[in-house]
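Below: data_12.tsv (TSV, C-alpha atoms and all ligand atoms)
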chain	number	residue	atom	x	y	z
A	453	MET	CA	-105.63	70.46	-95.39
A	454	ALA	CA	-108.45	72.98	-94.90
A	455	GLN	CA	-109.35	73.90	-91.31
A	456	PHE	CA	-112.99	73.88	-90.22
A	457	THR	CA	-114.54	75.61	-87.23
A	458	GLU	CA	-115.61	72.97	-84.71
A	459	ARG	CA	-119.40	72.62	-84.73
A	460	VAL	CA	-121.81	69.92	-83.55
A	461	PHE	CA	-124.94	68.89	-85.45
A	462	SER	CA	-127.38	66.12	-84.61
A	463	GLY	CA	-131.03	65.28	-85.13
A	464	VAL	CA	-133.91	63.22	-83.77
A	465	GLN	CA	-136.94	62.08	-85.76
A	466	PRO	CA	-140.37	63.14	-84.51
A	467	THR	CA	-141.78	59.66	-84.94
A	468	GLY	CA	-143.30	59.27	-81.45
A	469	ASN	CA	-142.41	57.47	-78.25
A	470	LEU	CA	-139.07	59.14	-77.50
A	471	HIS	CA	-137.36	56.56	-75.34
A	472	LEU	CA	-134.47	55.91	-72.99
A	473	GLY	CA	-132.27	54.84	-75.95
A	474	ASN	CA	-132.83	58.18	-77.69
A	475	TYR	CA	-132.07	59.90	-74.40
A	476	LEU	CA	-128.89	58.03	-73.42
A	477	GLY	CA	-127.56	57.50	-76.94
A	478	ALA	CA	-128.30	61.02	-78.16
A	479	ILE	CA	-130.14	63.73	-76.19
A	480	LYS	CA	-128.20	63.42	-72.91
A	481	ARG	CA	-125.00	63.64	-74.91
A	482	PHE	CA	-126.30	66.66	-76.87
A	483	VAL	CA	-126.64	68.42	-73.51
A	484	GLU	CA	-123.07	67.56	-72.54
A	485	MET	CA	-121.66	68.88	-75.84
A	486	GLN	CA	-122.99	72.39	-75.21
A	487	ALA	CA	-120.14	73.35	-72.89
A	488	ARG	CA	-117.52	72.57	-75.51
A	489	TYR	CA	-119.00	73.28	-78.96
A	490	ASP	CA	-121.44	75.48	-80.85
A	491	CYS	CA	-124.32	73.08	-81.32
A	492	ILE	CA	-127.19	72.74	-83.78
A	493	TYR	CA	-129.95	70.33	-82.80
A	494	CYS	CA	-132.63	69.51	-85.31
A	495	VAL	CA	-136.01	67.79	-85.20
A	496	VAL	CA	-135.76	65.95	-88.50
A	497	ASP	CA	-139.37	65.98	-89.68
A	498	MET	CA	-138.41	65.44	-93.34
A	499	HIS	CA	-136.76	62.16	-92.34
A	500	ALA	CA	-139.90	61.20	-90.44
A	501	ILE	CA	-142.09	61.20	-93.58
A	502	THR	CA	-139.92	58.56	-95.25
A	503	VAL	CA	-142.53	56.32	-93.62
A	504	TRP	CA	-146.21	57.37	-93.32
A	505	GLN	CA	-146.97	59.93	-90.57
A	506	ASP	CA	-150.37	61.22	-89.59
A	507	PRO	CA	-150.12	65.03	-90.14
A	508	LYS	CA	-151.58	66.02	-86.75
A	509	GLU	CA	-149.35	63.57	-84.93
A	510	LEU	CA	-146.27	64.68	-86.86
A	511	ALA	CA	-146.83	68.28	-85.75
A	512	SER	CA	-147.42	67.33	-82.11
A	513	GLN	CA	-144.46	64.93	-82.09
A	514	THR	CA	-142.23	67.66	-83.55
A	515	ARG	CA	-143.18	69.84	-80.58
A	516	GLU	CA	-142.68	66.88	-78.23
A	517	VAL	CA	-139.11	66.24	-79.40
A	518	THR	CA	-138.40	69.96	-79.05
A	519	ALA	CA	-139.83	69.85	-75.53
A	520	ALA	CA	-137.58	66.86	-74.75
A	521	PHE	CA	-134.52	68.81	-75.94
A	522	LEU	CA	-135.42	71.74	-73.71
A	523	ALA	CA	-136.47	69.62	-70.72
A	524	ALA	CA	-133.21	67.66	-70.89
A	525	GLY	CA	-131.22	70.91	-70.68
A	526	ILE	CA	-130.50	72.14	-74.21
A	527	ASP	CA	-130.29	75.93	-74.21
A	528	PRO	CA	-131.98	77.28	-77.38
A	529	ARG	CA	-130.57	80.78	-76.86
A	530	ARG	CA	-126.89	79.81	-76.79
A	531	HIS	CA	-127.32	77.00	-79.32
A	532	ILE	CA	-129.72	76.35	-82.21
A	533	VAL	CA	-132.88	74.22	-81.99
A	534	PHE	CA	-135.20	74.00	-85.03
A	535	ASN	CA	-137.12	71.65	-87.27
A	536	GLN	CA	-135.59	70.57	-90.55
A	537	SER	CA	-138.44	71.42	-92.95
A	538	GLN	CA	-138.16	75.14	-92.08
A	539	VAL	CA	-134.69	75.33	-93.64
A	540	SER	CA	-135.05	74.37	-97.30
A	541	GLU	CA	-131.28	74.35	-97.83
A	542	HIS	CA	-131.25	70.81	-96.37
A	543	ALA	CA	-133.40	69.53	-99.24
A	544	GLU	CA	-131.47	71.48	-101.88
A	545	LEU	CA	-128.11	70.15	-100.75
A	546	ALA	CA	-129.58	66.65	-100.49
A	547	TRP	CA	-130.35	66.79	-104.22
A	548	VAL	CA	-126.71	67.57	-105.01
A	549	PHE	CA	-125.70	64.67	-102.75
A	550	ASN	CA	-128.18	62.38	-104.54
A	551	CYS	CA	-125.96	63.03	-107.54
A	552	VAL	CA	-122.74	62.43	-105.58
A	553	ALA	CA	-123.60	59.25	-103.66
A	554	ARG	CA	-123.42	55.99	-105.61
A	555	LEU	CA	-126.21	53.39	-105.76
A	556	GLY	CA	-123.76	50.79	-104.51
A	557	TRP	CA	-123.11	52.84	-101.36
A	558	LEU	CA	-126.81	53.11	-100.53
A	559	ASN	CA	-127.40	49.43	-101.30
A	560	ARG	CA	-125.12	48.59	-98.37
A	561	MET	CA	-127.13	50.56	-95.78
A	562	THR	CA	-128.43	48.09	-93.20
A	563	GLN	CA	-131.04	50.48	-91.77
A	564	PHE	CA	-132.85	50.63	-95.12
A	565	LYS	CA	-132.83	46.83	-95.30
A	566	GLU	CA	-134.22	46.57	-91.76
A	567	LYS	CA	-136.88	49.24	-92.21
A	568	ALA	CA	-137.97	48.22	-95.72
A	569	GLY	CA	-138.07	44.56	-94.66
A	570	LYS	CA	-139.40	42.07	-97.17
A	571	ASP	CA	-141.64	44.64	-98.88
A	572	ARG	CA	-138.71	46.53	-100.40
A	573	GLU	CA	-140.51	47.34	-103.66
A	574	ASN	CA	-143.13	49.23	-101.69
A	575	ALA	CA	-140.69	51.31	-99.57
A	576	SER	CA	-140.53	55.03	-100.35
A	577	VAL	CA	-137.67	56.42	-102.44
A	578	GLY	CA	-137.14	58.80	-99.51
A	579	LEU	CA	-136.41	55.92	-97.15
A	580	TYR	CA	-133.75	54.68	-99.57
A	581	ALA	CA	-132.20	58.16	-100.04
A	582	TYR	CA	-132.45	58.97	-96.30
A	583	PRO	CA	-128.66	58.83	-95.73
A	584	ASN	CA	-128.08	61.47	-98.42
A	585	LEU	CA	-130.48	63.86	-96.68
A	586	MET	CA	-128.73	63.08	-93.39
A	587	ALA	CA	-125.39	63.97	-95.00
A	588	ALA	CA	-126.93	67.25	-96.18
A	589	ASP	CA	-128.29	67.98	-92.68
A	590	ILE	CA	-124.78	67.73	-91.29
A	591	LEU	CA	-122.75	69.23	-94.11
A	592	VAL	CA	-124.98	72.23	-94.82
A	593	TYR	CA	-123.52	73.48	-91.50
A	594	ARG	CA	-120.11	71.97	-92.28
A	595	ALA	CA	-120.43	70.32	-88.87
A	596	THR	CA	-117.27	68.63	-87.63
A	597	HIS	CA	-118.79	66.42	-84.91
A	598	VAL	CA	-122.02	64.42	-84.69
A	599	PRO	CA	-123.11	62.74	-81.44
A	600	VAL	CA	-125.25	59.69	-82.31
A	601	GLY	CA	-126.10	56.19	-81.13
A	602	GLU	CA	-124.24	53.19	-82.55
A	603	ASP	CA	-127.07	52.52	-85.06
A	604	GLN	CA	-126.15	55.66	-87.02
A	605	LYS	CA	-122.46	54.77	-87.47
A	606	GLN	CA	-122.88	53.49	-91.02
A	607	HIS	CA	-124.77	56.63	-92.09
A	608	LEU	CA	-121.98	58.79	-90.66
A	609	GLU	CA	-119.43	56.82	-92.70
A	610	LEU	CA	-121.53	57.52	-95.80
A	611	THR	CA	-121.57	61.23	-94.91
A	612	ARG	CA	-117.76	61.17	-94.88
A	613	ASP	CA	-117.71	59.33	-98.24
A	614	ILE	CA	-120.02	61.95	-99.76
A	615	ALA	CA	-117.90	64.84	-98.40
A	616	GLN	CA	-114.73	63.20	-99.70
A	617	LYS	CA	-116.17	62.57	-103.16
A	618	PHE	CA	-117.58	66.10	-103.40
A	619	ASN	CA	-114.16	67.51	-102.38
A	620	ASN	CA	-112.41	65.31	-104.97
A	621	ASP	CA	-114.84	65.66	-107.88
A	622	TRP	CA	-114.94	69.46	-107.69
A	623	SER	CA	-111.44	70.02	-106.31
A	624	GLU	CA	-110.41	72.50	-109.03
A	625	SER	CA	-113.59	74.53	-108.70
A	626	ILE	CA	-113.34	74.46	-104.89
A	627	ALA	CA	-109.82	75.93	-105.11
A	628	ALA	CA	-110.83	78.41	-107.84
A	629	HIS	CA	-113.61	79.73	-105.59
A	630	GLY	CA	-111.16	80.32	-102.76
A	631	HIS	CA	-112.08	77.37	-100.53
A	632	GLY	CA	-108.65	75.76	-100.50
A	633	ASP	CA	-108.30	72.00	-100.88
A	634	ALA	CA	-111.58	70.87	-99.28
A	635	PHE	CA	-115.03	72.41	-99.01
A	636	PHE	CA	-116.64	69.90	-96.64
A	637	PRO	CA	-115.08	68.51	-93.46
A	638	LEU	CA	-114.84	64.77	-92.85
A	639	THR	CA	-117.25	64.76	-89.94
A	640	GLU	CA	-116.36	62.75	-86.84
A	641	PRO	CA	-119.05	60.60	-85.23
A	642	LEU	CA	-119.11	60.92	-81.44
A	643	ILE	CA	-120.28	57.51	-80.27
A	644	GLY	CA	-119.27	56.70	-76.72
A	645	GLY	CA	-120.16	55.80	-73.17
A	646	PRO	CA	-121.88	52.74	-71.73
A	647	ALA	CA	-125.22	53.18	-73.60
A	648	THR	CA	-124.46	53.69	-77.28
A	649	ARG	CA	-126.96	50.94	-78.08
A	650	VAL	CA	-129.72	50.56	-75.49
A	651	MET	CA	-131.56	47.29	-76.03
A	652	SER	CA	-135.23	46.33	-75.70
A	653	LEU	CA	-136.34	45.47	-72.14
A	654	ARG	CA	-138.12	42.41	-73.58
A	655	ASP	CA	-135.23	41.07	-75.67
A	656	GLY	CA	-131.62	42.04	-75.01
A	657	THR	CA	-130.63	41.24	-78.59
A	658	ARG	CA	-132.94	43.86	-80.18
A	659	LYS	CA	-132.47	47.62	-80.14
A	660	MET	CA	-134.85	49.68	-77.98
A	661	SER	CA	-136.94	51.36	-80.64
A	662	LYS	CA	-139.87	53.76	-81.07
A	663	SER	CA	-141.53	51.45	-83.54
A	664	ASP	CA	-141.47	48.30	-81.34
A	665	PRO	CA	-145.15	47.31	-80.94
A	666	SER	CA	-144.60	46.41	-77.26
A	667	ASP	CA	-144.62	49.47	-74.99
A	668	TYR	CA	-142.97	47.25	-72.35
A	669	SER	CA	-139.88	47.07	-74.58
A	670	ARG	CA	-138.96	50.68	-73.85
A	671	ILE	CA	-139.03	53.42	-71.22
A	672	ASN	CA	-140.67	56.47	-72.81
A	673	LEU	CA	-139.41	59.86	-71.68
A	674	THR	CA	-143.00	60.81	-70.81
A	675	ASP	CA	-143.62	57.67	-68.70
A	676	PRO	CA	-144.71	58.52	-65.15
A	677	PRO	CA	-142.74	56.95	-62.24
A	678	ASP	CA	-145.11	54.01	-61.77
A	679	ALA	CA	-144.80	53.04	-65.46
A	680	ILE	CA	-140.99	53.26	-65.26
A	681	ALA	CA	-141.06	51.00	-62.19
A	682	GLN	CA	-143.48	48.54	-63.77
A	683	LYS	CA	-141.46	48.24	-66.99
A	684	PHE	CA	-138.13	47.68	-65.24
A	685	LYS	CA	-139.76	45.14	-62.89
A	686	LYS	CA	-141.03	43.20	-65.90
A	687	ALA	CA	-137.76	43.59	-67.85
A	688	LYS	CA	-136.35	40.25	-69.00
A	689	THR	CA	-133.33	38.96	-67.03
A	690	ASP	CA	-131.56	35.65	-66.50
A	691	PRO	CA	-131.45	33.51	-63.33
A	692	GLU	CA	-127.83	34.28	-62.29
A	693	PRO	CA	-126.81	37.07	-59.89
A	694	LEU	CA	-124.86	39.99	-61.38
A	695	PRO	CA	-121.17	39.32	-62.06
A	696	SER	CA	-118.46	41.34	-60.31
A	697	GLU	CA	-116.58	42.13	-63.52
A	698	GLU	CA	-117.55	43.29	-67.00
A	699	ALA	CA	-116.27	40.10	-68.64
A	700	GLY	CA	-119.01	38.24	-66.77
A	701	LEU	CA	-121.66	40.11	-68.82
A	702	ALA	CA	-120.60	38.32	-72.02
A	703	GLY	CA	-123.44	36.15	-73.32
A	704	ARG	CA	-125.90	37.84	-70.91
A	705	PRO	CA	-127.46	40.56	-73.15
A	706	GLU	CA	-130.27	41.54	-70.74
A	707	ALA	CA	-127.91	41.88	-67.75
A	708	ASP	CA	-125.44	43.81	-69.90
A	709	ASN	CA	-128.22	46.16	-71.06
A	710	LEU	CA	-129.54	46.94	-67.56
A	711	VAL	CA	-126.02	47.51	-66.20
A	712	GLY	CA	-125.27	49.79	-69.19
A	713	ILE	CA	-128.46	51.79	-68.57
A	714	PHE	CA	-127.61	52.16	-64.87
A	715	ALA	CA	-124.04	53.26	-65.68
A	716	ALA	CA	-125.15	55.82	-68.29
A	717	LEU	CA	-127.85	57.29	-66.03
A	718	LYS	CA	-125.34	57.60	-63.18
A	719	ASP	CA	-122.44	58.80	-65.37
A	720	VAL	CA	-120.12	55.99	-64.28
A	721	THR	CA	-118.65	52.96	-66.05
A	722	LYS	CA	-120.17	49.47	-66.12
A	723	ALA	CA	-117.15	48.33	-64.08
A	724	ASN	CA	-118.09	50.83	-61.34
A	725	VAL	CA	-121.66	49.50	-61.28
A	726	LEU	CA	-120.50	45.89	-61.02
A	727	ARG	CA	-118.09	46.78	-58.23
A	728	GLU	CA	-121.12	47.92	-56.24
A	729	TYR	CA	-123.70	45.34	-57.35
A	730	GLY	CA	-121.57	42.26	-58.26
A	731	GLY	CA	-123.22	39.21	-56.61
A	732	ALA	CA	-126.58	41.01	-56.17
A	733	GLN	CA	-129.86	39.44	-57.33
A	734	PHE	CA	-131.78	41.24	-60.07
A	735	SER	CA	-134.58	42.14	-57.64
A	736	THR	CA	-132.13	44.24	-55.58
A	737	PHE	CA	-130.45	45.75	-58.64
A	738	LYS	CA	-133.76	46.56	-60.35
A	739	SER	CA	-134.97	48.45	-57.23
A	740	ALA	CA	-131.86	50.62	-57.33
A	741	LEU	CA	-132.24	51.07	-61.10
A	742	ILE	CA	-135.88	52.14	-60.72
A	743	ASP	CA	-134.94	54.73	-58.06
A	744	LEU	CA	-132.16	56.08	-60.24
A	745	ALA	CA	-134.26	56.19	-63.42
A	746	VAL	CA	-137.17	57.91	-61.68
A	747	THR	CA	-134.79	60.48	-60.15
A	748	LYS	CA	-133.14	61.24	-63.50
A	749	LEU	CA	-136.08	60.92	-65.91
A	750	GLY	CA	-138.96	62.10	-63.67
A	751	PRO	CA	-138.08	65.82	-63.89
A	752	ILE	CA	-137.60	65.59	-67.67
A	753	GLY	CA	-141.07	64.06	-68.14
A	754	THR	CA	-142.62	66.67	-65.85
A	755	GLU	CA	-140.97	69.52	-67.72
A	756	MET	CA	-142.00	68.01	-71.08
A	757	ARG	CA	-145.62	67.95	-69.92
A	758	ARG	CA	-145.36	71.57	-68.72
A	759	LEU	CA	-143.90	72.71	-72.06
A	760	ALA	CA	-146.54	70.76	-74.00
A	761	ALA	CA	-149.17	73.06	-72.52
A	762	ASP	CA	-147.71	76.01	-74.44
A	763	PRO	CA	-147.19	75.00	-78.10
A	764	GLY	CA	-146.88	78.68	-79.10
A	765	HIS	CA	-143.71	78.97	-77.01
A	766	ILE	CA	-142.22	75.86	-78.69
A	767	ASP	CA	-143.12	77.15	-82.16
A	768	ALA	CA	-141.43	80.49	-81.40
A	769	ILE	CA	-138.23	78.66	-80.37
A	770	LEU	CA	-138.31	76.61	-83.59
A	771	ALA	CA	-138.90	79.72	-85.74
A	772	ASP	CA	-136.02	81.58	-84.09
A	773	GLY	CA	-133.74	78.54	-84.42
A	774	ALA	CA	-134.70	78.10	-88.08
A	775	GLU	CA	-133.78	81.69	-88.86
A	776	ARG	CA	-130.37	81.32	-87.20
A	777	ALA	CA	-129.81	77.93	-88.89
A	778	ARG	CA	-130.67	79.42	-92.29
A	779	ALA	CA	-128.10	82.17	-91.77
A	780	ILE	CA	-125.41	79.44	-91.65
A	781	ALA	CA	-126.91	77.12	-94.26
A	782	ARG	CA	-127.57	79.70	-96.97
A	783	PRO	CA	-123.94	80.74	-97.58
A	784	THR	CA	-122.93	77.06	-97.68
A	785	LEU	CA	-125.51	76.37	-100.34
A	786	GLU	CA	-124.57	79.45	-102.34
A	787	ALA	CA	-120.94	78.32	-102.31
A	788	VAL	CA	-121.99	74.82	-103.40
A	789	LYS	CA	-123.96	76.31	-106.30
A	790	ASP	CA	-120.91	78.31	-107.40
A	791	ILE	CA	-118.62	75.29	-107.06
A	792	VAL	CA	-120.96	73.03	-109.06
A	793	GLY	CA	-121.56	75.69	-111.73
A	794	PHE	CA	-125.19	76.65	-111.14
A	795	VAL	CA	-125.92	80.19	-112.32
A	796	ARG	CA	-127.58	82.18	-109.53
A	797	SER	CA	-128.76	85.77	-109.12
A	798	ARG	CA	-126.70	87.89	-106.71
A	801	LIG	N1	-131.69	52.00	-78.72
A	801	LIG	C1	-130.89	53.06	-78.87
A	801	LIG	N2	-129.75	53.18	-78.13
A	801	LIG	C2	-128.93	54.27	-78.27
A	801	LIG	N3	-129.19	55.28	-79.12
A	801	LIG	C3	-130.31	55.21	-79.87
A	801	LIG	N4	-130.85	56.03	-80.79
A	801	LIG	C4	-132.00	55.50	-81.27
A	801	LIG	N5	-132.24	54.32	-80.67
A	801	LIG	C5	-131.21	54.10	-79.80
A	801	LIG	C6	-130.25	57.30	-81.18
A	801	LIG	O1	-131.23	58.31	-81.02
A	801	LIG	C7	-131.01	59.32	-82.00
A	801	LIG	C8	-132.30	59.66	-82.68
A	801	LIG	O2	-132.80	58.53	-83.34
A	801	LIG	P1	-133.92	58.71	-84.42
A	801	LIG	O3	-135.19	59.02	-83.78
A	801	LIG	O4	-133.51	59.72	-85.40
A	801	LIG	O5	-133.99	57.39	-85.24
A	801	LIG	P2	-133.85	55.90	-84.93
A	801	LIG	O6	-132.44	55.57	-84.66
A	801	LIG	O7	-134.48	55.22	-86.10
A	801	LIG	O8	-134.73	55.66	-83.59
A	801	LIG	P3	-135.59	54.41	-83.30
A	801	LIG	O9	-136.07	54.50	-81.91
A	801	LIG	O10	-134.93	53.15	-83.67
A	801	LIG	O11	-136.84	54.67	-84.23
A	801	LIG	P4	-137.56	53.67	-85.20
A	801	LIG	O12	-138.16	52.60	-84.34
A	801	LIG	O13	-138.61	54.53	-85.85
A	801	LIG	O14	-136.54	53.14	-86.13
A	801	LIG	C9	-129.94	58.80	-82.95
A	801	LIG	O15	-128.69	59.39	-82.61
A	801	LIG	C10	-129.90	57.32	-82.66
A	801	LIG	O16	-128.61	56.79	-82.87

Translate this structure into structure tokens?
Ligand code: AQP
Amino acid sequence: MAQFTERVFSGVQPTGNLHLGNYLGAIKRFVEMQARYDCIYCVVDMHAITVWQDPKELASQTREVTAAFLAAGIDPRRHIVFNQSQVSEHAELAWVFNCVARLGWLNRMTQFKEKAGKDRENASVGLYAYPNLMAADILVYRATHVPVGEDQKQHLELTRDIAQKFNNDWSESIAAHGHGDAFFPLTEPLIGGPATRVMSLRDGTRKMSKSDPSDYSRINLTDPPDAIAQKFKKAKTDPEPLPSEEAGLAGRPEADNLVGIFAALKDVTKANVLREYGGAQFSTFKSALIDLAVTKLGPIGTEMRRLAADPGHIDAILADGAERARAIARPTLEAVKDIVGFVRSR
């Protein structure tokens, strides 16, 4: 089996209101990956326009996500940070994948069903084909690992299916062009830790989400300390004290969510948290959670605001990242063109 250089790719949509779920499920883990892998982190603006985006807001939100990456501790000199639309190879490979993926595969995608809702006929074709573009984002760098939240698991499985089918359908051409028995890796999702699915603070059965109309459902990364405190104070709970063991969280989604958030912010397990707070009332636990969240998130918000004052600096980082991303993506795409049989000038 072909060997692939280990490389991490992941992306975040610039669709506003970056929240604690995006941070714990994705960005915080992006930061941790830097010590072990070469990493490529992308602001996926082409994914964002699968639903309507105001142009001015899209540009400012693209810079805001970039600022969040930097403020959280991603190093754009050692790794690559850029926005997707600056590297056209993503779109070109996505077209090839549109011709590899099967309608039946996309019809099973739950995120499309959730986002399109009842008005499916009026959803954009882009929203439907979103997973194929996501596969291209990852595979144009032949990335081997993708840190994501639990909600992206199904899309990662589709990415593997697309890679496998591409490798099978063009196996002779792949070998004839000197790429051995597989051109694309079967990318591994990295989904782990106590906060792979952070839930809404208003309803422990719904995912914390940028598009939730209630701002009280989420902690935004730019929230000042008093807003963080206010939102956690108002967060839904149940009347029982915290259990001493994890099994006691079953059937208590709000308690489970707050304990998971605490554990992820503190880099411990839920069991550790319950050892310390088992038997405590929510008022006591929420005070400790507020202190912890303000300590961890406060400096990120402050740094994001500082970076926001200099959009030219952000744009320069994105331009530099795009150039370095293109240097990896272009040879992949050229090889794909040769494998598929597209004539190209050399
Ligand atoms: N609630 C969450 N818990 C853990 N991880 C999460 N992620 C998103 N929500 C949670 C992870 O954040 C990364 C970037 O997500 P995205 O912005 O690309 O798209 P999304 O998953 O569609 O985010 P939202 O907040 O749910 O946006 P809307 O409301 O627009 O649909 C991904 O790794 C994702 O797993």

Counting all atoms listed in the file, name the residues that have an atom within 6 Å of an atom of ligand LIG 801 (chain A); the answer should be given as a ChimeraX atom specification. /A:464-465,473-474,477-478,600-604,648-651,659-663

Figure out the distance between CA of Arg488 (chain A) and CA of Asp767 (chain A), please, to one decimal in Å.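 It comes out at 26.8 Å.
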
Contacts of Gln505 (chain A) at 12 Å (only C-alpha atoms; same-chain gap of 6+ positions) as a list in words: Gln465, Pro466, Thr467, Gly468, Asp497, Met498, His499, Ala511, Ser512, Gln513 and Thr514 of chain A

Exercise: Asp613 (chain A) partners within 10 Å, all atoms listed in the file, chain neighbours under 3 positions left out, as a list of chain:residue names: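 The residues that qualify are A:Val552, A:Ala553, A:Arg554, A:Trp557, A:Ala587, A:His607, A:Leu608, A:Glu609, A:Leu610, A:Gln616, A:Lys617, A:Phe618, A:Asn619, A:Leu638, A:Thr639.
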
Selection: 10 Å around Ile526 (chain A), only C-alpha atoms, excl. self and same-chain fewer than 5 positions, as an MDAnalysis selection string: chainID A and resid 479:480 482:486 491 493 518:521 531:533

Which distance in Å separates CA of Asp490 (chain A) and CA of His597 (chain A), to one decimal?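 Interatomic distance here is 10.3 Å.
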
Take every atom of region 605-611 of chain A listed in the file, pad by 8 Å on each side, and give me the axis-aligned box centre and edge lengths in Å, one decimal, as lines of an AutoDock Vina configuration file.
center_x = -122.1
center_y = 57.4
center_z = -91.6
size_x = 21.3
size_y = 23.7
size_z = 24.3

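If you measure from each of A:Arg757, A:Lys683, A:His765, A:Arg798 to Ile742 (chain A) using all atoms listed in the file, the closest one turns out to be A:Lys683.
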
For region 769-772 of chain A, work out the shell of residues within 8 Å, counting all atoms listed in the file and skipping chain neighbours fewer than 4 positions away, then give it as a list in words.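 Result of the neighbour search: Pro528, Val533, Phe534, Asn535, Gln538, His765 and Arg776 of chain A.
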
One-decimal distance in Å that lies between CA of Leu653 (chain A) and CA of Lys738 (chain A):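 Distance reported for this atom pair: 12.1 Å.
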